[in-house]
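K.L.:
So here's entry08.csv (CSV, C-alpha atoms).
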chain,number,residue,atom,x,y,z
P,16,MET,CA,13.0,-129.0,-141.1
P,17,LYS,CA,14.7,-126.5,-138.9
P,18,TRP,CA,17.5,-123.9,-138.7
P,19,ASP,CA,17.9,-121.9,-141.9
P,20,ILE,CA,14.5,-122.7,-143.4
P,21,MET,CA,12.7,-121.7,-140.2
P,22,ASP,CA,14.9,-118.9,-139.2
P,23,ALA,CA,15.4,-117.1,-142.5
P,24,TYR,CA,13.4,-118.6,-145.4
P,25,TYR,CA,10.0,-119.1,-143.7
P,26,PRO,CA,9.7,-115.6,-142.0
P,27,LEU,CA,10.7,-113.8,-145.2
P,28,CYS,CA,8.3,-115.8,-147.3
P,29,MET,CA,5.6,-115.0,-144.7
P,30,SER,CA,6.4,-111.3,-145.0
P,31,SER,CA,6.4,-111.5,-148.7
P,32,ALA,CA,3.0,-113.3,-148.7
P,33,ASP,CA,1.5,-110.8,-146.4
P,34,MET,CA,2.6,-107.9,-148.7
P,35,LEU,CA,1.3,-109.7,-151.8
P,36,GLN,CA,-2.0,-110.5,-150.1
P,37,GLU,CA,-2.4,-106.8,-149.3
P,38,GLY,CA,-1.8,-106.0,-153.0
P,39,ARG,CA,1.8,-104.7,-152.6
P,40,LEU,CA,4.9,-105.9,-154.2
P,41,PRO,CA,7.5,-107.2,-151.7
P,42,LEU,CA,10.2,-104.8,-152.9
P,43,TRP,CA,11.2,-103.5,-149.5
P,44,ASN,CA,11.1,-104.9,-146.0
P,45,ALA,CA,11.7,-102.4,-143.2
P,46,ALA,CA,12.1,-105.2,-140.6
P,47,PHE,CA,14.9,-107.0,-142.5
P,48,GLN,CA,18.5,-105.9,-142.0
P,49,PHE,CA,17.5,-102.4,-140.8
P,50,GLY,CA,15.4,-101.9,-144.0
P,51,CYS,CA,16.5,-103.1,-147.4
P,52,PRO,CA,15.2,-104.9,-150.4
P,53,ALA,CA,14.4,-108.3,-148.9
P,54,TYR,CA,14.7,-110.1,-152.2
P,55,ILE,CA,18.5,-109.4,-152.4
P,56,MET,CA,19.2,-112.1,-149.8
P,57,LEU,CA,20.6,-115.0,-151.6
P,58,GLY,CA,18.8,-118.3,-151.1
P,59,ILE,CA,15.4,-116.7,-150.6
P,60,PRO,CA,13.4,-117.4,-153.8
P,61,TYR,CA,11.2,-114.4,-153.8
P,62,TRP,CA,10.3,-114.7,-157.5
P,63,TYR,CA,10.5,-118.5,-157.8
P,64,PRO,CA,7.2,-119.8,-159.3
P,65,THR,CA,6.2,-122.3,-156.6
P,66,THR,CA,6.9,-119.8,-153.8
P,67,LEU,CA,5.0,-117.1,-155.6
P,68,LEU,CA,2.1,-119.4,-156.3
P,69,PHE,CA,1.8,-120.4,-152.6
P,70,GLU,CA,2.2,-116.8,-151.5
P,71,LEU,CA,-0.5,-115.5,-153.8
P,72,THR,CA,-3.0,-118.3,-153.3
P,73,THR,CA,-2.7,-119.5,-149.7
P,74,GLY,CA,-0.6,-116.9,-148.0
P,75,TYR,CA,2.4,-118.9,-146.7
P,76,SER,CA,2.4,-121.5,-144.0
P,77,LEU,CA,4.5,-124.4,-142.8
P,78,LEU,CA,2.5,-126.7,-145.0
P,79,CYS,CA,3.7,-124.7,-148.0
P,80,VAL,CA,7.3,-125.2,-147.0
P,81,ALA,CA,6.8,-128.9,-146.7
P,82,LEU,CA,4.9,-129.0,-150.1
P,83,GLU,CA,7.7,-127.1,-151.8
P,84,TYR,CA,10.2,-129.6,-150.4
P,85,CYS,CA,8.1,-132.6,-151.6
P,86,ILE,CA,7.5,-131.0,-155.0
P,87,HIS,CA,11.2,-130.6,-155.6
P,88,ILE,CA,12.0,-134.2,-154.6
P,89,VAL,CA,9.4,-135.4,-157.2
P,90,ILE,CA,10.9,-133.0,-159.8
P,91,ALA,CA,14.4,-134.4,-159.0
P,92,CYS,CA,13.4,-138.0,-159.2
P,93,PHE,CA,11.6,-137.6,-162.5
P,94,GLY,CA,14.5,-135.5,-164.0
P,95,MET,CA,17.1,-138.2,-163.1
P,96,PHE,CA,14.8,-140.9,-164.5
P,97,LEU,CA,14.6,-139.0,-167.8
P,98,LEU,CA,18.4,-138.4,-167.9
P,99,VAL,CA,19.2,-142.0,-167.2
P,100,ARG,CA,16.7,-143.2,-169.8
P,101,GLU,CA,18.3,-140.8,-172.4
P,102,HIS,CA,21.7,-142.2,-171.7
P,103,PHE,CA,20.6,-145.8,-171.9
P,104,GLU,CA,18.4,-145.2,-175.0
P,105,GLU,CA,21.6,-145.0,-177.1
P,106,LYS,CA,22.9,-148.3,-175.9
P,107,LYS,CA,19.6,-150.3,-176.3
P,108,ILE,CA,19.8,-151.9,-172.9
P,109,PRO,CA,16.6,-153.8,-172.1
P,110,GLU,CA,16.6,-153.2,-168.4
P,111,SER,CA,17.0,-149.4,-168.9
P,112,TYR,CA,13.5,-148.6,-167.6
P,113,ILE,CA,14.1,-150.4,-164.3
P,114,VAL,CA,17.6,-148.9,-163.9
P,115,ALA,CA,16.2,-145.4,-164.6
P,116,VAL,CA,13.4,-145.8,-162.0
P,117,ILE,CA,15.8,-147.0,-159.3
P,118,THR,CA,18.4,-144.3,-160.1
P,119,GLY,CA,15.7,-141.6,-160.1
P,120,ALA,CA,14.4,-142.8,-156.7
P,121,PHE,CA,18.0,-143.0,-155.3
P,122,TYR,CA,18.7,-139.5,-156.5
P,123,GLY,CA,15.6,-137.9,-155.0
P,124,PHE,CA,15.9,-139.7,-151.7
P,125,SER,CA,19.7,-139.4,-151.4
P,126,GLY,CA,21.6,-137.7,-148.7
P,127,LEU,CA,21.7,-134.5,-150.7
P,128,PHE,CA,18.0,-134.1,-150.4
P,129,ILE,CA,17.4,-135.6,-147.0
P,130,SER,CA,20.2,-134.0,-145.2
P,131,ASN,CA,19.6,-130.6,-146.7
P,132,ALA,CA,15.9,-130.3,-145.8
P,133,GLU,CA,16.6,-127.0,-144.0
P,134,HIS,CA,18.2,-125.6,-147.2
P,135,ILE,CA,15.4,-125.4,-149.7
P,136,MET,CA,17.7,-123.5,-152.1
P,137,ILE,CA,20.1,-126.4,-152.4
P,138,ILE,CA,17.1,-128.7,-152.9
P,139,VAL,CA,15.8,-126.5,-155.7
P,140,SER,CA,19.2,-126.3,-157.4
P,141,ALA,CA,19.7,-130.1,-157.2
P,142,ALA,CA,16.2,-130.7,-158.5
P,143,TRP,CA,16.8,-128.9,-161.8
P,144,LEU,CA,20.3,-130.3,-162.4
P,145,PRO,CA,19.2,-133.5,-164.2
P,146,TYR,CA,17.0,-131.4,-166.6
P,147,ILE,CA,19.8,-129.1,-167.4
P,148,LEU,CA,22.1,-132.0,-168.2
P,149,LEU,CA,19.4,-133.8,-170.2
P,150,PHE,CA,18.6,-130.8,-172.4
P,151,VAL,CA,22.2,-130.0,-173.0
P,152,LYS,CA,22.8,-133.6,-174.0
P,153,LYS,CA,19.7,-133.5,-176.3
P,154,TYR,CA,21.0,-130.3,-177.9
P,155,LEU,CA,24.4,-131.7,-178.5
P,156,THR,CA,23.1,-134.8,-180.2
P,157,SER,CA,20.3,-133.2,-182.2
P,158,LYS,CA,21.5,-129.5,-182.6
P,159,LYS,CA,17.9,-128.4,-182.1
P,160,HIS,CA,17.9,-125.0,-180.4
P,161,ILE,CA,14.7,-125.8,-178.5
P,162,PHE,CA,16.7,-128.1,-176.2
P,163,LEU,CA,19.2,-125.4,-175.5
P,164,MET,CA,16.4,-123.0,-174.7
P,165,ALA,CA,14.8,-125.6,-172.4
P,166,ALA,CA,18.2,-126.0,-170.6
P,167,ALA,CA,18.4,-122.2,-170.2
P,168,VAL,CA,14.9,-122.1,-168.7
P,169,CYS,CA,15.8,-124.9,-166.2
P,170,MET,CA,19.0,-123.1,-165.4
P,171,GLY,CA,17.0,-119.9,-164.9
P,172,LEU,CA,14.7,-121.7,-162.5
P,173,SER,CA,17.7,-123.1,-160.6
P,174,ILE,CA,19.2,-119.6,-160.3
P,175,LEU,CA,15.9,-118.0,-159.4
P,176,GLY,CA,15.1,-120.3,-156.6
P,177,GLY,CA,18.3,-122.1,-155.8
P,178,ASP,CA,21.7,-121.8,-154.2
P,179,LEU,CA,24.2,-119.5,-155.9
P,180,ASP,CA,27.2,-121.7,-155.2
P,181,SER,CA,25.5,-124.8,-156.5
P,182,ASN,CA,24.6,-123.1,-159.7
P,183,PHE,CA,28.2,-122.0,-160.3
P,184,TYR,CA,29.3,-125.7,-159.9
P,185,TYR,CA,26.6,-126.7,-162.4
P,186,ILE,CA,27.8,-124.2,-164.9
P,187,ASP,CA,31.4,-125.4,-164.4
P,188,SER,CA,30.3,-129.0,-164.9
P,189,LEU,CA,28.5,-128.3,-168.2
P,190,PHE,CA,31.7,-127.6,-170.1
P,191,PRO,CA,33.3,-131.0,-169.7
P,192,TYR,CA,29.9,-132.7,-169.9
P,193,SER,CA,29.2,-131.0,-173.3
P,194,CYS,CA,32.7,-131.8,-174.6
P,195,ARG,CA,32.3,-135.5,-173.6
P,196,ASN,CA,28.9,-135.8,-175.3
P,197,ARG,CA,29.8,-134.0,-178.5
P,198,LYS,CA,29.6,-136.2,-181.6
Before we go any further, please render this structure as structure tokens.

P.N.:
Amino acid sequence: MKWDIMDAYYPLCMSSADMLQEGRLPLWNAAFQFGCPAYIMLGIPYWYPTTLLFELTTGYSLLCVALEYCIHIVIACFGMFLLVREHFEEKKIPESYIVAVITGAFYGFSGLFISNAEHIMIIVSAAWLPYILLFVKKYLTSKKHIFLMAAAVCMGLSILGGDLDSNFYYIDSLFPYSCRNRK
């Protein structure tokens, strides 16, 4: 991991962690862009749950960066596994479990995740996408609002810790996806 994650993300998370460890909210950073609210920089998940958890408990270190990356690969693999299982469940295909495991692994270890190791915000956005699609599909088939709320929570996490551009693409893709899966 290099470039953006080490030049922008890591120093700002370290600064935020230092402020939180001192009992101050990281609302202002005098060393960032001649003094401004540091959390306004897009792609720095100041209020994202895993980042906050690491900042509050361990400070923030390079190990935390690597753990966040690994955690989101696991989240992505499992989400894609669940999404594929949901799609195959309707068709009663016996090999669906094996196909779902393979697809989940291929998604989590695809070029999107491996080549964007320096862009944790893209990783976060891509990790939550299968859950958003899964819960929207479940809502459209069952009309239970709990699934729509779960999709909104996943979208909120994706926006809170992810890449703004990716999230716009995801929102754009939900409309045709929801029209296709409507019964």

K.L.:
Between P:Leu77, P:Val114, P:Ala141, P:Ile59, single out the one closest to Arg100 (chain P), counting only C-alpha atoms.

P.N.:
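Looking only at the distances to Arg100 (chain P), the closest residue turns out to be P:Val114.
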
K.L.:
Find the distance between CA of Glu70 (chain P) and CA of Met164 (chain P) and write it in Å to one decimal.

P.N.:
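Atom-to-atom, CA of Glu70 (chain P) to CA of Met164 (chain P), that is 27.9 Å.
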
K.L.:
Excluding Leu144 (chain P) and any residue of its chain fewer than 4 positions from it, enumerate the residues within 9 Å of it, using only C-alpha atoms, and give them as a ChimeraX atom specification.

P.N.:
/P:91,94-95,139-140,148-149,169-170,173,182,185

K.L.:
Which is closest to Pro52 (chain P) among P:Leu175, P:Leu27, P:Ala142, P:Ala32, if we use only C-alpha atoms?

P.N.:
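Closest residue, counting only C-alpha atoms: P:Leu27.
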
K.L.:
Out of P:Ser157, P:Glu101, P:Asp19, P:Ala132, which residue has the shortest atom-to-atom distance to Leu82 (chain P) when counting all atoms listed in the file?

P.N.:
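Ranked by minimum distance to Leu82 (chain P), first place goes to P:Ala132.
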
K.L.:
From the list P:Pro60, P:Leu97, P:Ala81, P:Ala167, which residue is nearest Leu179 (chain P) when using all atoms listed in the file?

P.N.:
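Using all atoms listed in the file, the shortest distance to Leu179 (chain P) belongs to P:Pro60.
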
K.L.:
Could you please determine the separation between CA of Pro145 (chain P) and CA of His160 (chain P) in Å, to one decimal place?

P.N.:
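Computed distance, CA of Pro145 (chain P) to CA of His160 (chain P), equals 18.3 Å.
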
K.L.:
Output file request: region 130-162 of chain P, with N, CA, C and O atoms, as a PDB file, in the first residue's frame.

P.N.:
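Saved as selection_31.pdb:
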ATOM      1  N   SER P 130      -5.872  -4.046  -7.025  1.00  0.00           N
ATOM      2  CA  SER P 130      -5.202  -2.903  -7.654  1.00  0.00           C
ATOM      3  C   SER P 130      -5.523  -1.580  -6.982  1.00  0.00           C
ATOM      4  O   SER P 130      -4.845  -0.589  -7.240  1.00  0.00           O
ATOM      5  N   ASN P 131      -6.533  -1.547  -6.125  1.00  0.00           N
ATOM      6  CA  ASN P 131      -6.884  -0.304  -5.435  1.00  0.00           C
ATOM      7  C   ASN P 131      -6.530  -0.343  -3.950  1.00  0.00           C
ATOM      8  O   ASN P 131      -7.173   0.310  -3.141  1.00  0.00           O
ATOM      9  N   ALA P 132      -5.495  -1.069  -3.597  1.00  0.00           N
ATOM     10  CA  ALA P 132      -5.100  -1.167  -2.190  1.00  0.00           C
ATOM     11  C   ALA P 132      -4.748   0.201  -1.617  1.00  0.00           C
ATOM     12  O   ALA P 132      -4.905   0.424  -0.427  1.00  0.00           O
ATOM     13  N   GLU P 133      -4.286   1.113  -2.454  1.00  0.00           N
ATOM     14  CA  GLU P 133      -3.938   2.449  -1.952  1.00  0.00           C
ATOM     15  C   GLU P 133      -5.149   3.370  -1.840  1.00  0.00           C
ATOM     16  O   GLU P 133      -5.031   4.473  -1.348  1.00  0.00           O
ATOM     17  N   HIS P 134      -6.304   2.930  -2.295  1.00  0.00           N
ATOM     18  CA  HIS P 134      -7.529   3.728  -2.217  1.00  0.00           C
ATOM     19  C   HIS P 134      -8.545   3.005  -1.336  1.00  0.00           C
ATOM     20  O   HIS P 134      -9.449   2.345  -1.840  1.00  0.00           O
ATOM     21  N   ILE P 135      -8.399   3.154  -0.036  1.00  0.00           N
ATOM     22  CA  ILE P 135      -9.269   2.428   0.894  1.00  0.00           C
ATOM     23  C   ILE P 135     -10.732   2.821   0.696  1.00  0.00           C
ATOM     24  O   ILE P 135     -11.628   2.005   0.891  1.00  0.00           O
ATOM     25  N   MET P 136     -10.980   4.041   0.248  1.00  0.00           N
ATOM     26  CA  MET P 136     -12.372   4.469   0.066  1.00  0.00           C
ATOM     27  C   MET P 136     -13.057   3.709  -1.065  1.00  0.00           C
ATOM     28  O   MET P 136     -14.246   3.420  -0.985  1.00  0.00           O
ATOM     29  N   ILE P 137     -12.327   3.336  -2.103  1.00  0.00           N
ATOM     30  CA  ILE P 137     -12.900   2.516  -3.173  1.00  0.00           C
ATOM     31  C   ILE P 137     -13.168   1.111  -2.654  1.00  0.00           C
ATOM     32  O   ILE P 137     -14.196   0.497  -2.974  1.00  0.00           O
ATOM     33  N   ILE P 138     -12.268   0.597  -1.833  1.00  0.00           N
ATOM     34  CA  ILE P 138     -12.435  -0.725  -1.231  1.00  0.00           C
ATOM     35  C   ILE P 138     -13.685  -0.749  -0.357  1.00  0.00           C
ATOM     36  O   ILE P 138     -14.481  -1.689  -0.408  1.00  0.00           O
ATOM     37  N   VAL P 139     -13.874   0.279   0.458  1.00  0.00           N
ATOM     38  CA  VAL P 139     -15.042   0.354   1.342  1.00  0.00           C
ATOM     39  C   VAL P 139     -16.324   0.388   0.519  1.00  0.00           C
ATOM     40  O   VAL P 139     -17.277  -0.348   0.800  1.00  0.00           O
ATOM     41  N   SER P 140     -16.365   1.217  -0.504  1.00  0.00           N
ATOM     42  CA  SER P 140     -17.561   1.308  -1.343  1.00  0.00           C
ATOM     43  C   SER P 140     -17.873  -0.022  -2.025  1.00  0.00           C
ATOM     44  O   SER P 140     -19.019  -0.470  -2.040  1.00  0.00           O
ATOM     45  N   ALA P 141     -16.860  -0.654  -2.575  1.00  0.00           N
ATOM     46  CA  ALA P 141     -17.071  -1.927  -3.273  1.00  0.00           C
ATOM     47  C   ALA P 141     -17.447  -3.045  -2.309  1.00  0.00           C
ATOM     48  O   ALA P 141     -18.166  -3.974  -2.682  1.00  0.00           O
ATOM     49  N   ALA P 142     -16.986  -2.962  -1.070  1.00  0.00           N
ATOM     50  CA  ALA P 142     -17.314  -3.998  -0.082  1.00  0.00           C
ATOM     51  C   ALA P 142     -18.798  -3.983   0.275  1.00  0.00           C
ATOM     52  O   ALA P 142     -19.393  -5.043   0.504  1.00  0.00           O
ATOM     53  N   TRP P 143     -19.404  -2.815   0.305  1.00  0.00           N
ATOM     54  CA  TRP P 143     -20.814  -2.717   0.702  1.00  0.00           C
ATOM     55  C   TRP P 143     -21.786  -2.884  -0.458  1.00  0.00           C
ATOM     56  O   TRP P 143     -22.983  -3.097  -0.246  1.00  0.00           O
ATOM     57  N   LEU P 144     -21.310  -2.810  -1.692  1.00  0.00           N
ATOM     58  CA  LEU P 144     -22.200  -2.918  -2.852  1.00  0.00           C
ATOM     59  C   LEU P 144     -23.024  -4.207  -2.894  1.00  0.00           C
ATOM     60  O   LEU P 144     -24.237  -4.142  -3.112  1.00  0.00           O
ATOM     61  N   PRO P 145     -22.451  -5.390  -2.680  1.00  0.00           N
ATOM     62  CA  PRO P 145     -23.288  -6.602  -2.728  1.00  0.00           C
ATOM     63  C   PRO P 145     -24.414  -6.600  -1.700  1.00  0.00           C
ATOM     64  O   PRO P 145     -25.506  -7.088  -1.975  1.00  0.00           O
ATOM     65  N   TYR P 146     -24.169  -6.020  -0.524  1.00  0.00           N
ATOM     66  CA  TYR P 146     -25.201  -5.957   0.505  1.00  0.00           C
ATOM     67  C   TYR P 146     -26.330  -5.020   0.088  1.00  0.00           C
ATOM     68  O   TYR P 146     -27.507  -5.301   0.328  1.00  0.00           O
ATOM     69  N   ILE P 147     -25.968  -3.896  -0.521  1.00  0.00           N
ATOM     70  CA  ILE P 147     -26.983  -2.958  -0.987  1.00  0.00           C
ATOM     71  C   ILE P 147     -27.881  -3.646  -2.014  1.00  0.00           C
ATOM     72  O   ILE P 147     -29.113  -3.596  -1.915  1.00  0.00           O
ATOM     73  N   LEU P 148     -27.263  -4.302  -2.997  1.00  0.00           N
ATOM     74  CA  LEU P 148     -28.037  -5.005  -4.022  1.00  0.00           C
ATOM     75  C   LEU P 148     -28.866  -6.142  -3.422  1.00  0.00           C
ATOM     76  O   LEU P 148     -30.019  -6.345  -3.803  1.00  0.00           O
ATOM     77  N   LEU P 149     -28.291  -6.872  -2.485  1.00  0.00           N
ATOM     78  CA  LEU P 149     -28.993  -7.976  -1.836  1.00  0.00           C
ATOM     79  C   LEU P 149     -30.240  -7.485  -1.110  1.00  0.00           C
ATOM     80  O   LEU P 149     -31.337  -8.038  -1.279  1.00  0.00           O
ATOM     81  N   PHE P 150     -30.100  -6.442  -0.314  1.00  0.00           N
ATOM     82  CA  PHE P 150     -31.239  -5.963   0.469  1.00  0.00           C
ATOM     83  C   PHE P 150     -32.298  -5.282  -0.397  1.00  0.00           C
ATOM     84  O   PHE P 150     -33.488  -5.380  -0.108  1.00  0.00           O
ATOM     85  N   VAL P 151     -31.875  -4.624  -1.468  1.00  0.00           N
ATOM     86  CA  VAL P 151     -32.859  -4.057  -2.394  1.00  0.00           C
ATOM     87  C   VAL P 151     -33.638  -5.185  -3.066  1.00  0.00           C
ATOM     88  O   VAL P 151     -34.862  -5.126  -3.187  1.00  0.00           O
ATOM     89  N   LYS P 152     -32.938  -6.232  -3.473  1.00  0.00           N
ATOM     90  CA  LYS P 152     -33.618  -7.377  -4.088  1.00  0.00           C
ATOM     91  C   LYS P 152     -34.591  -8.030  -3.106  1.00  0.00           C
ATOM     92  O   LYS P 152     -35.720  -8.355  -3.466  1.00  0.00           O
ATOM     93  N   LYS P 153     -34.156  -8.210  -1.868  1.00  0.00           N
ATOM     94  CA  LYS P 153     -35.037  -8.814  -0.860  1.00  0.00           C
ATOM     95  C   LYS P 153     -36.258  -7.929  -0.596  1.00  0.00           C
ATOM     96  O   LYS P 153     -37.354  -8.433  -0.404  1.00  0.00           O
ATOM     97  N   TYR P 154     -36.054  -6.622  -0.592  1.00  0.00           N
ATOM     98  CA  TYR P 154     -37.190  -5.720  -0.402  1.00  0.00           C
ATOM     99  C   TYR P 154     -38.169  -5.841  -1.573  1.00  0.00           C
ATOM    100  O   TYR P 154     -39.383  -5.896  -1.372  1.00  0.00           O
ATOM    101  N   LEU P 155     -37.651  -5.870  -2.783  1.00  0.00           N
ATOM    102  CA  LEU P 155     -38.521  -5.926  -3.957  1.00  0.00           C
ATOM    103  C   LEU P 155     -39.311  -7.225  -4.031  1.00  0.00           C
ATOM    104  O   LEU P 155     -40.422  -7.246  -4.546  1.00  0.00           O
ATOM    105  N   THR P 156     -38.733  -8.314  -3.535  1.00  0.00           N
ATOM    106  CA  THR P 156     -39.454  -9.588  -3.591  1.00  0.00           C
ATOM    107  C   THR P 156     -40.395  -9.778  -2.400  1.00  0.00           C
ATOM    108  O   THR P 156     -41.432 -10.413  -2.544  1.00  0.00           O
ATOM    109  N   SER P 157     -40.059  -9.221  -1.238  1.00  0.00           N
ATOM    110  CA  SER P 157     -40.885  -9.467  -0.046  1.00  0.00           C
ATOM    111  C   SER P 157     -41.719  -8.268   0.391  1.00  0.00           C
ATOM    112  O   SER P 157     -42.655  -8.433   1.161  1.00  0.00           O
ATOM    113  N   LYS P 158     -41.334  -7.069  -0.052  1.00  0.00           N
ATOM    114  CA  LYS P 158     -41.996  -5.814   0.349  1.00  0.00           C
ATOM    115  C   LYS P 158     -41.910  -5.568   1.858  1.00  0.00           C
ATOM    116  O   LYS P 158     -42.727  -4.861   2.428  1.00  0.00           O
ATOM    117  N   LYS P 159     -40.908  -6.152   2.503  1.00  0.00           N
ATOM    118  CA  LYS P 159     -40.670  -5.898   3.931  1.00  0.00           C
ATOM    119  C   LYS P 159     -39.711  -4.717   4.049  1.00  0.00           C
ATOM    120  O   LYS P 159     -38.614  -4.739   3.505  1.00  0.00           O
ATOM    121  N   HIS P 160     -40.141  -3.720   4.792  1.00  0.00           N
ATOM    122  CA  HIS P 160     -39.368  -2.484   4.890  1.00  0.00           C
ATOM    123  C   HIS P 160     -38.046  -2.654   5.631  1.00  0.00           C
ATOM    124  O   HIS P 160     -37.149  -1.824   5.481  1.00  0.00           O
ATOM    125  N   ILE P 161     -37.906  -3.710   6.396  1.00  0.00           N
ATOM    126  CA  ILE P 161     -36.650  -3.949   7.103  1.00  0.00           C
ATOM    127  C   ILE P 161     -35.498  -4.119   6.121  1.00  0.00           C
ATOM    128  O   ILE P 161     -34.374  -3.685   6.376  1.00  0.00           O
ATOM    129  N   PHE P 162     -35.775  -4.706   4.962  1.00  0.00           N
ATOM    130  CA  PHE P 162     -34.726  -4.896   3.951  1.00  0.00           C
ATOM    131  C   PHE P 162     -34.343  -3.569   3.303  1.00  0.00           C
ATOM    132  O   PHE P 162     -33.174  -3.335   3.006  1.00  0.00           O
TER     133      PHE P 162
END
